[in-house]
Amino acid sequence: MARTNTNAPLKIAIVFGTRPEAIKLFPLIRLLRDDPRFAPVVVSTGQHRAMLDQVLDIAQVVPDHDLAVMRADQSLDALTARLLTGIGETLDAEAPDWVVVQGDTASAMCGALAAFYRRIPICHVEAGLRSGDIHHPWPEEVNRKVIGTMAALHCAPTQTAADALRRENIDPANIHVTGNTVIDALHWVLGAIERKPALAADLHTAAQRFAGKRIIGVTTHRRENFGEGMRAVARAIRAIAERDDTAVLFPVHLNPNVRATMHDELAGLGNVSLLEPLDYPNFAALMQASTLMLTDSGGVQEEAPALGKPVLVMRATTERPEGVEAGTARLVGTDPEAIQREVFRLLDDEGAYAAMAQAHNPFGDGHASQRIAELMAQH
């Protein structure tokens, strides 16, 4: 779609709907907002309503459009239909020069598809992550691949991600290694906490209960782990919490498939604190306070190593192999004995812990947003 006024600021529609997307996009939104070359339009689909709003409030980002697509017990196809039509109507009203999507969510995939239907160029932030298995992570692996077939600008966080795109015959001229904007966001929020410690007061209060113990931070929410996988994770946490020198801080995801299992299995244990989902500053403080992170989250695999925290990944595969290759992360799956063994190894073997804690973080230097903005300006 050709621009009608080449002297006007570039209108950039940034589409997101989940908390991780908001975290990874708010540094770019703030930068675009302060640059006269750009006119950002923020489109929130509202996939993670409560957790999403927390991030936006802290980052001082106000959506221009809030699509509020979520319905109780909504199927993926119903969600996809609502997203595609809602985003499409918004793009018709705004007629942006670019559409920016991040990562691998349904909002990102539908935002890209709606833009493609209107011949609007797509900038894919965090492009090129691949696990090689379309069922892990599910459905995110396919969402990423779909976006990759349509994007005009592929902002790969690492060289490994860029190489994956080249293997899929994407034009190398459209692939750029920018680093991951999650590191931009982490630097920003840690600075905000330093200036205003009260931002992380909830986490500090929770951690005081376990003064003198080594903290294991836990997050889990992957669909492929629902059911027996979640129960296996819970059994591992019970075993870890039996140690007198160790405590678990676990912000439990709002998804009922996670909450029901974890509260049934772990409620009332002395060395386990089941927390409500933490806002972004408190979650950053959790990673800082933890000895190590036990997670199935993609973002934690990128963030925790920037703080020198080893990451044990409760998944069979990861679309972020750079962390495993660099030594900052290790795949442990959901087998309780394997999780317990790796956690205890890091707690008891100082050399093993130091090797992971001191490994180079491959995911960025905190300047990814500037690179992405320049690429859109020059493209």
# chains A, B, ... in the order shown; residues from 1 in each chain; ligands from 1
>>> select_by_dssp(residues="region 36-188 of chain A", states="strand (DSSP E)", output="ChimeraX atom specification")
/A:38-44,65-66,98-102,122-125,153-156,175-177
>>> residues_around(residues="region 64-80 of chain A", least_positions_apart="4", cutoff="10 Å", atoms="only C-alpha atoms", output="ChimeraX atom specification")
/A:13,15,17,40-49,84-87,90,106-107,109-110,139
>>> closest_residue(among="A:Leu153, A:Gly148, A:His187, A:Val343", to="Ala241 (chain A)", atoms="only C-alpha atoms")
A:Val343
>>> select_by_dssp(residues="region 102-254 of chain A", states="alpha helix (DSSP H)", output="PyMOL selection string")
chain A and resi 106-117+140-150+159-167+181-195+201-208+228-240
>>> residues_around(residues="region 127-138 of chain A", least_positions_apart="4", cutoff="8 Å", atoms="only C-alpha atoms", output="VMD selection string")
chain A and resid 102 to 103 142 144 148 154 to 157 161 to 165 222 to 224 316 to 321
>>> closest_atom_pairs(of="region 140-249 of chain A", to="region 374-378 of chain A", cutoff="12 Å", atoms="only C-alpha atoms", output="Markdown table")
| residue | atom | partner | partner_atom | distance |
| --- | --- | --- | --- | --- |
| A:Ala152 | CA | A:Met376 | CA | 9.9 |
| A:Leu153 | CA | A:Met376 | CA | 7.9 |
| A:His154 | CA | A:Leu375 | CA | 9.9 |
| A:Cys155 | CA | A:Leu375 | CA | 8.9 |
| A:Ala173 | CA | A:Leu375 | CA | 11.4 |
| A:Asn174 | CA | A:Leu375 | CA | 9.6 |
| A:Ile175 | CA | A:Leu375 | CA | 10.3 |
| A:His176 | CA | A:Leu375 | CA | 8.6 |
| A:Val177 | CA | A:Leu375 | CA | 10.8 |
| A:Thr178 | CA | A:Leu375 | CA | 9.6 |
>>> write_last_selection(atoms="N, CA and C atoms", output="PDB file, in the first residue's frame")
ATOM      1  N   ALA A 152       7.201  -8.165   6.114  1.00  0.00           N
ATOM      2  CA  ALA A 152       8.126  -7.436   5.249  1.00  0.00           C
ATOM      3  C   ALA A 152       9.439  -7.163   5.963  1.00  0.00           C
ATOM      4  N   LEU A 153       9.406  -7.138   7.287  1.00  0.00           N
ATOM      5  CA  LEU A 153      10.597  -6.842   8.084  1.00  0.00           C
ATOM      6  C   LEU A 153      10.650  -7.841   9.232  1.00  0.00           C
ATOM      7  N   HIS A 154      11.715  -8.627   9.258  1.00  0.00           N
ATOM      8  CA  HIS A 154      11.877  -9.680  10.256  1.00  0.00           C
ATOM      9  C   HIS A 154      12.955  -9.239  11.241  1.00  0.00           C
ATOM     10  N   CYS A 155      12.558  -8.885  12.466  1.00  0.00           N
ATOM     11  CA  CYS A 155      13.496  -8.418  13.491  1.00  0.00           C
ATOM     12  C   CYS A 155      13.864  -9.606  14.372  1.00  0.00           C
ATOM     13  N   ALA A 173      17.612  -9.775   2.720  1.00  0.00           N
ATOM     14  CA  ALA A 173      17.590  -8.313   2.834  1.00  0.00           C
ATOM     15  C   ALA A 173      16.545  -7.834   3.835  1.00  0.00           C
ATOM     16  N   ASN A 174      15.566  -8.688   4.139  1.00  0.00           N
ATOM     17  CA  ASN A 174      14.490  -8.313   5.057  1.00  0.00           C
ATOM     18  C   ASN A 174      14.685  -8.865   6.464  1.00  0.00           C
ATOM     19  N   ILE A 175      15.820  -9.515   6.710  1.00  0.00           N
ATOM     20  CA  ILE A 175      16.112 -10.123   8.006  1.00  0.00           C
ATOM     21  C   ILE A 175      17.198  -9.303   8.696  1.00  0.00           C
ATOM     22  N   HIS A 176      16.933  -8.899   9.938  1.00  0.00           N
ATOM     23  CA  HIS A 176      17.887  -8.078  10.678  1.00  0.00           C
ATOM     24  C   HIS A 176      17.985  -8.577  12.116  1.00  0.00           C
ATOM     25  N   VAL A 177      19.198  -8.723  12.620  1.00  0.00           N
ATOM     26  CA  VAL A 177      19.418  -9.109  14.011  1.00  0.00           C
ATOM     27  C   VAL A 177      19.389  -7.844  14.859  1.00  0.00           C
ATOM     28  N   THR A 178      18.385  -7.728  15.723  1.00  0.00           N
ATOM     29  CA  THR A 178      18.179  -6.509  16.506  1.00  0.00           C
ATOM     30  C   THR A 178      18.417  -6.691  18.002  1.00  0.00           C
TER      31      THR A 178
END
>>> residues_around(residues="region 296-303 of chain A", least_positions_apart="3", cutoff="7 Å", atoms="only C-alpha atoms", output="short mmCIF file (atom, residue, chain, number, x, y, z; two decimals) with C-alpha atoms, in the first residue's frame")
data_model
loop_
_atom_site.label_atom_id
_atom_site.label_comp_id
_atom_site.auth_asym_id
_atom_site.auth_seq_id
_atom_site.Cartn_x
_atom_site.Cartn_y
_atom_site.Cartn_z
CA VAL A 182 12.59 -7.89 26.49
CA ILE A 183 16.07 -6.82 27.60
CA THR A 219 6.23 -20.04 36.55
CA THR A 220 4.23 -22.44 34.41
CA HIS A 221 1.38 -21.96 31.98
CA ARG A 222 2.06 -23.85 28.71
CA ALA A 306 20.43 -11.03 32.06
CA VAL A 311 16.96 -21.21 34.07
CA VAL A 313 13.04 -25.10 31.34
CA MET A 314 10.14 -27.47 32.00
CA ARG A 315 9.57 -28.29 28.35
CA GLY A 323 20.12 -20.00 25.92
CA ALA A 329 19.30 -22.52 30.34
CA PHE A 363 19.43 -12.19 23.88
#
>>> decode(residues="region 304-332 of chain A", atoms="N, CA, C and O atoms", output="PDB file, in the first residue's frame")
ATOM      1  N   ALA A 304      15.909 -13.896  32.769  1.00  0.00           N
ATOM      2  CA  ALA A 304      16.664 -14.313  33.946  1.00  0.00           C
ATOM      3  C   ALA A 304      18.176 -14.349  33.696  1.00  0.00           C
ATOM      4  O   ALA A 304      18.943 -13.924  34.573  1.00  0.00           O
ATOM      5  N   PRO A 305      18.665 -14.833  32.538  1.00  0.00           N
ATOM      6  CA  PRO A 305      20.112 -14.816  32.327  1.00  0.00           C
ATOM      7  C   PRO A 305      20.722 -13.420  32.349  1.00  0.00           C
ATOM      8  O   PRO A 305      21.898 -13.260  32.693  1.00  0.00           O
ATOM      9  N   ALA A 306      19.919 -12.391  31.993  1.00  0.00           N
ATOM     10  CA  ALA A 306      20.429 -11.025  32.060  1.00  0.00           C
ATOM     11  C   ALA A 306      20.703 -10.609  33.490  1.00  0.00           C
ATOM     12  O   ALA A 306      21.453  -9.656  33.735  1.00  0.00           O
ATOM     13  N   LEU A 307      20.107 -11.331  34.460  1.00  0.00           N
ATOM     14  CA  LEU A 307      20.327 -11.067  35.877  1.00  0.00           C
ATOM     15  C   LEU A 307      21.272 -12.096  36.500  1.00  0.00           C
ATOM     16  O   LEU A 307      21.449 -12.116  37.724  1.00  0.00           O
ATOM     17  N   GLY A 308      21.859 -12.972  35.669  1.00  0.00           N
ATOM     18  CA  GLY A 308      22.770 -13.983  36.177  1.00  0.00           C
ATOM     19  C   GLY A 308      22.083 -15.135  36.878  1.00  0.00           C
ATOM     20  O   GLY A 308      22.676 -15.781  37.747  1.00  0.00           O
ATOM     21  N   LYS A 309      20.834 -15.428  36.499  1.00  0.00           N
ATOM     22  CA  LYS A 309      20.074 -16.490  37.139  1.00  0.00           C
ATOM     23  C   LYS A 309      19.925 -17.680  36.198  1.00  0.00           C
ATOM     24  O   LYS A 309      19.388 -17.549  35.089  1.00  0.00           O
ATOM     25  N   PRO A 310      20.378 -18.873  36.603  1.00  0.00           N
ATOM     26  CA  PRO A 310      20.166 -20.067  35.782  1.00  0.00           C
ATOM     27  C   PRO A 310      18.676 -20.336  35.575  1.00  0.00           C
ATOM     28  O   PRO A 310      17.854 -20.051  36.451  1.00  0.00           O
ATOM     29  N   VAL A 311      18.344 -20.909  34.404  1.00  0.00           N
ATOM     30  CA  VAL A 311      16.959 -21.208  34.066  1.00  0.00           C
ATOM     31  C   VAL A 311      16.840 -22.700  33.743  1.00  0.00           C
ATOM     32  O   VAL A 311      17.548 -23.204  32.856  1.00  0.00           O
ATOM     33  N   LEU A 312      15.950 -23.381  34.453  1.00  0.00           N
ATOM     34  CA  LEU A 312      15.603 -24.762  34.129  1.00  0.00           C
ATOM     35  C   LEU A 312      14.242 -24.736  33.447  1.00  0.00           C
ATOM     36  O   LEU A 312      13.261 -24.254  34.020  1.00  0.00           O
ATOM     37  N   VAL A 313      14.203 -25.240  32.211  1.00  0.00           N
ATOM     38  CA  VAL A 313      13.043 -25.095  31.345  1.00  0.00           C
ATOM     39  C   VAL A 313      12.227 -26.380  31.370  1.00  0.00           C
ATOM     40  O   VAL A 313      12.695 -27.435  30.918  1.00  0.00           O
ATOM     41  N   MET A 314      10.995 -26.286  31.862  1.00  0.00           N
ATOM     42  CA  MET A 314      10.140 -27.469  31.998  1.00  0.00           C
ATOM     43  C   MET A 314       9.381 -27.713  30.696  1.00  0.00           C
ATOM     44  O   MET A 314       8.152 -27.675  30.631  1.00  0.00           O
ATOM     45  N   ARG A 315      10.135 -27.995  29.662  1.00  0.00           N
ATOM     46  CA  ARG A 315       9.574 -28.294  28.351  1.00  0.00           C
ATOM     47  C   ARG A 315      10.472 -29.305  27.662  1.00  0.00           C
ATOM     48  O   ARG A 315      11.664 -29.426  27.995  1.00  0.00           O
ATOM     49  N   ALA A 316       9.915 -30.019  26.688  1.00  0.00           N
ATOM     50  CA  ALA A 316      10.703 -30.985  25.936  1.00  0.00           C
ATOM     51  C   ALA A 316      11.554 -30.305  24.869  1.00  0.00           C
ATOM     52  O   ALA A 316      12.614 -30.822  24.484  1.00  0.00           O
ATOM     53  N   THR A 317      11.072 -29.173  24.363  1.00  0.00           N
ATOM     54  CA  THR A 317      11.792 -28.434  23.334  1.00  0.00           C
ATOM     55  C   THR A 317      11.725 -26.953  23.676  1.00  0.00           C
ATOM     56  O   THR A 317      10.910 -26.517  24.491  1.00  0.00           O
ATOM     57  N   THR A 318      12.572 -26.171  23.024  1.00  0.00           N
ATOM     58  CA  THR A 318      12.483 -24.721  23.170  1.00  0.00           C
ATOM     59  C   THR A 318      12.778 -24.063  21.834  1.00  0.00           C
ATOM     60  O   THR A 318      13.633 -24.539  21.074  1.00  0.00           O
ATOM     61  N   GLU A 319      12.016 -22.989  21.555  1.00  0.00           N
ATOM     62  CA  GLU A 319      12.272 -22.196  20.371  1.00  0.00           C
ATOM     63  C   GLU A 319      13.341 -21.136  20.637  1.00  0.00           C
ATOM     64  O   GLU A 319      13.600 -20.272  19.812  1.00  0.00           O
ATOM     65  N   ARG A 320      13.964 -21.230  21.810  1.00  0.00           N
ATOM     66  CA  ARG A 320      15.062 -20.333  22.194  1.00  0.00           C
ATOM     67  C   ARG A 320      16.300 -21.168  22.508  1.00  0.00           C
ATOM     68  O   ARG A 320      16.792 -21.174  23.653  1.00  0.00           O
ATOM     69  N   PRO A 321      16.843 -21.884  21.525  1.00  0.00           N
ATOM     70  CA  PRO A 321      17.983 -22.767  21.795  1.00  0.00           C
ATOM     71  C   PRO A 321      19.255 -22.011  22.154  1.00  0.00           C
ATOM     72  O   PRO A 321      20.195 -22.604  22.687  1.00  0.00           O
ATOM     73  N   GLU A 322      19.286 -20.696  21.861  1.00  0.00           N
ATOM     74  CA  GLU A 322      20.499 -19.927  22.142  1.00  0.00           C
ATOM     75  C   GLU A 322      20.866 -19.978  23.619  1.00  0.00           C
ATOM     76  O   GLU A 322      22.043 -20.027  23.987  1.00  0.00           O
ATOM     77  N   GLY A 323      19.843 -19.942  24.494  1.00  0.00           N
ATOM     78  CA  GLY A 323      20.120 -19.996  25.918  1.00  0.00           C
ATOM     79  C   GLY A 323      20.719 -21.326  26.329  1.00  0.00           C
ATOM     80  O   GLY A 323      21.644 -21.381  27.147  1.00  0.00           O
ATOM     81  N   VAL A 324      20.193 -22.413  25.766  1.00  0.00           N
ATOM     82  CA  VAL A 324      20.737 -23.744  26.055  1.00  0.00           C
ATOM     83  C   VAL A 324      22.162 -23.845  25.534  1.00  0.00           C
ATOM     84  O   VAL A 324      23.066 -24.336  26.231  1.00  0.00           O
ATOM     85  N   GLU A 325      22.385 -23.354  24.321  1.00  0.00           N
ATOM     86  CA  GLU A 325      23.728 -23.419  23.728  1.00  0.00           C
ATOM     87  C   GLU A 325      24.729 -22.560  24.501  1.00  0.00           C
ATOM     88  O   GLU A 325      25.901 -22.932  24.652  1.00  0.00           O
ATOM     89  N   ALA A 326      24.268 -21.411  25.006  1.00  0.00           N
ATOM     90  CA  ALA A 326      25.162 -20.532  25.760  1.00  0.00           C
ATOM     91  C   ALA A 326      25.405 -21.033  27.178  1.00  0.00           C
ATOM     92  O   ALA A 326      26.350 -20.593  27.842  1.00  0.00           O
ATOM     93  N   GLY A 327      24.551 -21.939  27.654  1.00  0.00           N
ATOM     94  CA  GLY A 327      24.708 -22.470  28.999  1.00  0.00           C
ATOM     95  C   GLY A 327      23.902 -21.756  30.059  1.00  0.00           C
ATOM     96  O   GLY A 327      24.005 -22.085  31.247  1.00  0.00           O
ATOM     97  N   THR A 328      23.048 -20.791  29.665  1.00  0.00           N
ATOM     98  CA  THR A 328      22.232 -20.077  30.644  1.00  0.00           C
ATOM     99  C   THR A 328      20.959 -20.834  30.996  1.00  0.00           C
ATOM    100  O   THR A 328      20.336 -20.548  32.016  1.00  0.00           O
ATOM    101  N   ALA A 329      20.545 -21.772  30.141  1.00  0.00           N
ATOM    102  CA  ALA A 329      19.302 -22.521  30.341  1.00  0.00           C
ATOM    103  C   ALA A 329      19.547 -24.000  30.090  1.00  0.00           C
ATOM    104  O   ALA A 329      20.468 -24.379  29.344  1.00  0.00           O
ATOM    105  N   ARG A 330      18.703 -24.827  30.698  1.00  0.00           N
ATOM    106  CA  ARG A 330      18.777 -26.271  30.477  1.00  0.00           C
ATOM    107  C   ARG A 330      17.362 -26.821  30.403  1.00  0.00           C
ATOM    108  O   ARG A 330      16.512 -26.497  31.238  1.00  0.00           O
ATOM    109  N   LEU A 331      17.100 -27.664  29.402  1.00  0.00           N
ATOM    110  CA  LEU A 331      15.807 -28.327  29.274  1.00  0.00           C
ATOM    111  C   LEU A 331      15.722 -29.479  30.276  1.00  0.00           C
ATOM    112  O   LEU A 331      16.600 -30.338  30.315  1.00  0.00           O
ATOM    113  N   VAL A 332      14.644 -29.490  31.078  1.00  0.00           N
ATOM    114  CA  VAL A 332      14.474 -30.568  32.050  1.00  0.00           C
ATOM    115  C   VAL A 332      13.144 -31.297  31.877  1.00  0.00           C
ATOM    116  O   VAL A 332      12.898 -32.293  32.568  1.00  0.00           O
TER     117      VAL A 332
END
